[in-house]
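Structure, as structure tokens:
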Amino acid sequence: MKNQLTIICLFVLTCCISAPKAFNQNDSIPNGNFEVWIDNPFQNYSEPEHWNTPNPFTSVPFVNVVTVEKDSVDPHSGTYAAKLSTKFVLNGRVPGIMTLGNIEIDINTFTGEITGGIPYKQQPAYLTGYFKYSPEGPDSCLIVANLYRYIPVKGKKESIALATFKTNKDTSDWAYFSVPFEYFNDTILPDTLNITAISSSSTEDPQVGSVLYVDDIKLEGILGIYQHGPSARNVPVFPNPAVDQVTIRLETFVSYGDLLIFDSRGKQVLFQNVNGKMIRVNTSILSAGFYYFYILENGIRKAYGSFIINR
């Protein structure tokens, strides 16, 4: 009889979403180079900061199994990489799992789920990173990134983009992977990101002994920075050129909107929540140069424009 964590792998792709973990958004994945680890001296394991693993569930007394470890023998860069191993736990088999979301596991039934993620409001083009993999038998590993958005009219979060890397290749040296995001709706910005890596992608037959090493995971590029939804309007900004403040004049009132400002290279340099028709923005922190912006309402682009800072 097969006894393994089957449900948890299914949730990596369907990923029921709860409230995202608190994390200040920036341009990179938190601890994507796996240099920072938090030690748990009572259960003899370490967790990569900002990531969750099955270790709290599998390293309890009388079980004492760790499926995710920091590896210092051969990291791709820096001091550490993450090592994920599929192992026996009691009478079942548990893959090494690492996620920006939350993991819940029932060791008695060998079922579980992954929920949540971190706040994120950009449209990356690629998921990239480095891996080494030693599969046991017909096994394969999986690294997947999900982007979600809460849709008020539906009262739930929906997946708006997915990037998936899966391989059964036996790789003794570090190899680079780069997979594009598939956007189901590129006119809506996400509000939640989750990334999950698994040493055994099979939901039916994970193979004990499969080992996946992961390092330097990144999100690359920006999708469609010049694309706009059918209702988006090019709106005026004054003064333009500006010095320390600009005012954006909208055609319609925006409630609980988001303002995103990008520099000429496409890098997001400012984000703030906005309400009303006249949006005032403090630009004193911005260097001289050209900038463009989006204003979104419920994740949908409602307005866009550009301005120059001249000092």
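As shown in the structure tokens, the chain order sets the letters A, B, ...; within each chain, residues go from 1, and ligands are also counted from 1 in the order they appear.
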Once DSSP has gone over the backbone, tell me which residues of segment 29-166 of chain A are in alpha helix (DSSP H), as an MDAnalysis selection string.
chainID A and resid 55:58
Give me the residues within 8 Å of Arg233 of chain A as a PyMOL selection string, counting only C-alpha atoms and dropping any in the same chain fewer than 5 places off.
chain A and resi 302-304
Taking the backbone alone, and naming residues the way the document does, which bits of segment 12-147 of chain A are strand (DSSP E or B) by DSSP, as a ChimeraX atom specification?
/A:37-40,45-48,52,68-71,81-85,87-89,92-94,97-99,102-106,111-115,118-119,124-134,141-147
Between A:Asn64, A:Thr192, A:Thr164, A:Gln272, single out the one closest to Gln122 of chain A, counting only C-alpha atoms.
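The shortest atom-to-atom distance to Gln122 of chain A comes from A:Thr192.
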For the contact check between segment 42-150 of chain A and segment 171-191 of chain A, emit one row per residue of segment 42-150 of chain A within 10 Å, containing the shortest atom pair and the distance in Å rounded to one decimal, counting only C-alpha atoms, chain then rising number order, as JSON lines.
{"residue": "A:Asp74", "atom": "CA", "partner": "A:Trp174", "partner_atom": "CA", "distance": 9.2}
{"residue": "A:Pro75", "atom": "CA", "partner": "A:Trp174", "partner_atom": "CA", "distance": 8.7}
{"residue": "A:His76", "atom": "CA", "partner": "A:Trp174", "partner_atom": "CA", "distance": 6.6}
{"residue": "A:Gly117", "atom": "CA", "partner": "A:Asp191", "partner_atom": "CA", "distance": 9.6}
{"residue": "A:Ile118", "atom": "CA", "partner": "A:Asp191", "partner_atom": "CA", "distance": 8.3}
{"residue": "A:Pro119", "atom": "CA", "partner": "A:Asp191", "partner_atom": "CA", "distance": 5.6}
{"residue": "A:Tyr120", "atom": "CA", "partner": "A:Asp191", "partner_atom": "CA", "distance": 4.9}
{"residue": "A:Lys121", "atom": "CA", "partner": "A:Asp191", "partner_atom": "CA", "distance": 5.1}
{"residue": "A:Gln122", "atom": "CA", "partner": "A:Leu189", "partner_atom": "CA", "distance": 6.2}
{"residue": "A:Gln123", "atom": "CA", "partner": "A:Leu189", "partner_atom": "CA", "distance": 6.6}
{"residue": "A:Pro124", "atom": "CA", "partner": "A:Phe181", "partner_atom": "CA", "distance": 7.3}
{"residue": "A:Ala125", "atom": "CA", "partner": "A:Phe181", "partner_atom": "CA", "distance": 5.6}
{"residue": "A:Tyr126", "atom": "CA", "partner": "A:Pro180", "partner_atom": "CA", "distance": 4.3}
{"residue": "A:Leu127", "atom": "CA", "partner": "A:Val179", "partner_atom": "CA", "distance": 5.4}
{"residue": "A:Thr128", "atom": "CA", "partner": "A:Ser178", "partner_atom": "CA", "distance": 4.3}
{"residue": "A:Gly129", "atom": "CA", "partner": "A:Phe177", "partner_atom": "CA", "distance": 5.6}
{"residue": "A:Tyr130", "atom": "CA", "partner": "A:Tyr176", "partner_atom": "CA", "distance": 4.5}
{"residue": "A:Phe131", "atom": "CA", "partner": "A:Ala175", "partner_atom": "CA", "distance": 5.4}
{"residue": "A:Lys132", "atom": "CA", "partner": "A:Trp174", "partner_atom": "CA", "distance": 5.2}
{"residue": "A:Tyr133", "atom": "CA", "partner": "A:Thr171", "partner_atom": "CA", "distance": 5.0}
{"residue": "A:Ser134", "atom": "CA", "partner": "A:Thr171", "partner_atom": "CA", "distance": 6.3}
{"residue": "A:Pro135", "atom": "CA", "partner": "A:Thr171", "partner_atom": "CA", "distance": 8.9}
{"residue": "A:Ile143", "atom": "CA", "partner": "A:Phe177", "partner_atom": "CA", "distance": 9.9}
{"residue": "A:Val144", "atom": "CA", "partner": "A:Val179", "partner_atom": "CA", "distance": 9.5}
{"residue": "A:Ala145", "atom": "CA", "partner": "A:Phe181", "partner_atom": "CA", "distance": 8.2}
{"residue": "A:Asn146", "atom": "CA", "partner": "A:Phe181", "partner_atom": "CA", "distance": 8.8}
{"residue": "A:Leu147", "atom": "CA", "partner": "A:Pro190", "partner_atom": "CA", "distance": 5.8}
{"residue": "A:Tyr148", "atom": "CA", "partner": "A:Pro190", "partner_atom": "CA", "distance": 5.1}
{"residue": "A:Arg149", "atom": "CA", "partner": "A:Pro190", "partner_atom": "CA", "distance": 4.7}
{"residue": "A:Tyr150", "atom": "CA", "partner": "A:Asp191", "partner_atom": "CA", "distance": 7.1}
Could you please take those selected residues and save C-alpha atoms as a compact mmCIF listing (two decimals), in the first residue's frame?
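What ended up in out.txt:
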# COMPACT_ATOMS: atom_id res chain seq x y z
CA ASP A 74 29.05 22.94 -3.25
CA PRO A 75 26.75 25.99 -3.46
CA HIS A 76 26.35 27.68 -6.81
CA GLY A 117 2.50 33.47 -0.40
CA ILE A 118 4.07 36.94 -0.19
CA PRO A 119 2.73 40.32 -1.39
CA TYR A 120 3.87 41.03 -4.95
CA LYS A 121 2.66 43.58 -7.53
CA GLN A 122 4.74 43.12 -10.68
CA GLN A 123 4.57 41.10 -13.91
CA PRO A 124 7.86 39.19 -14.24
CA ALA A 125 8.64 37.56 -17.56
CA TYR A 126 10.80 34.64 -16.38
CA LEU A 127 11.53 32.43 -13.39
CA THR A 128 15.25 31.60 -13.35
CA GLY A 129 17.77 29.86 -11.13
CA TYR A 130 20.30 27.08 -10.76
CA PHE A 131 19.77 23.43 -9.83
CA LYS A 132 21.42 20.05 -9.46
CA TYR A 133 19.28 16.93 -9.45
CA SER A 134 19.84 13.27 -8.70
CA PRO A 135 16.57 11.41 -9.37
CA ILE A 143 10.05 24.32 -9.32
CA VAL A 144 6.92 26.39 -9.86
CA ALA A 145 5.96 30.04 -9.41
CA ASN A 146 2.33 31.17 -9.09
CA LEU A 147 0.98 34.72 -9.31
CA TYR A 148 -2.46 35.47 -7.86
CA ARG A 149 -4.90 38.36 -7.57
CA TYR A 150 -7.87 38.81 -5.25
Please indicate the distance in Å from atom CA of Ala232 of chain A to atom CA of Arg265 of chain A, rounded to one decimal place.
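Between atom CA of Ala232 of chain A and atom CA of Arg265 of chain A the gap is 22.0 Å.
The space separating atom CA of Lys154 of chain A from atom CA of Val235 of chain A comes to 29.2 Å.
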Which residue, A:Ile38, A:Ala81, A:Ile195, A:Leu296, has the smallest gap to Ile114 of chain A when you use only C-alpha atoms?
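Checking each candidate against Ile114 of chain A, we get A:Ile195 as the closest.
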Can you pull out the residues contacting Asn168 of chain A? Cut-off 12 Å, using only C-alpha atoms, and skip same-chain residues under 4 positions away; I want them as a list of chain:residue names.
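The residues satisfying every condition are A:Phe131, A:Lys132, A:Tyr133, A:Ser134, A:Pro135, A:Glu136, A:Gly137, A:Pro138, A:Asp139, A:Ser140, A:Cys141, A:Leu142, A:Ser199, A:Ser200, A:Ser201, A:Ser202, A:Gln207, A:Ser210, A:Val211, A:Leu212.
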Give me the residues near Leu270 of chain A as a PDB file with C-alpha atoms, in the first residue's frame, where near means some atom within 8 Å (using only C-alpha atoms) and where sequence neighbours in that chain fewer than 3 positions away do not count.
ATOM      1  CA  LEU A 259       0.087  53.785  -8.371  1.00  0.00           C
ATOM      2  CA  LEU A 260       3.251  52.228  -9.829  1.00  0.00           C
ATOM      3  CA  ILE A 261       6.058  54.412 -11.184  1.00  0.00           C
ATOM      4  CA  PHE A 262       8.891  53.045 -13.361  1.00  0.00           C
TER       5      PHE A 262
END
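For the pair atom CA of Glu47 of chain A and atom CA of Leu90 of chain A, the separation is 21.5 Å.
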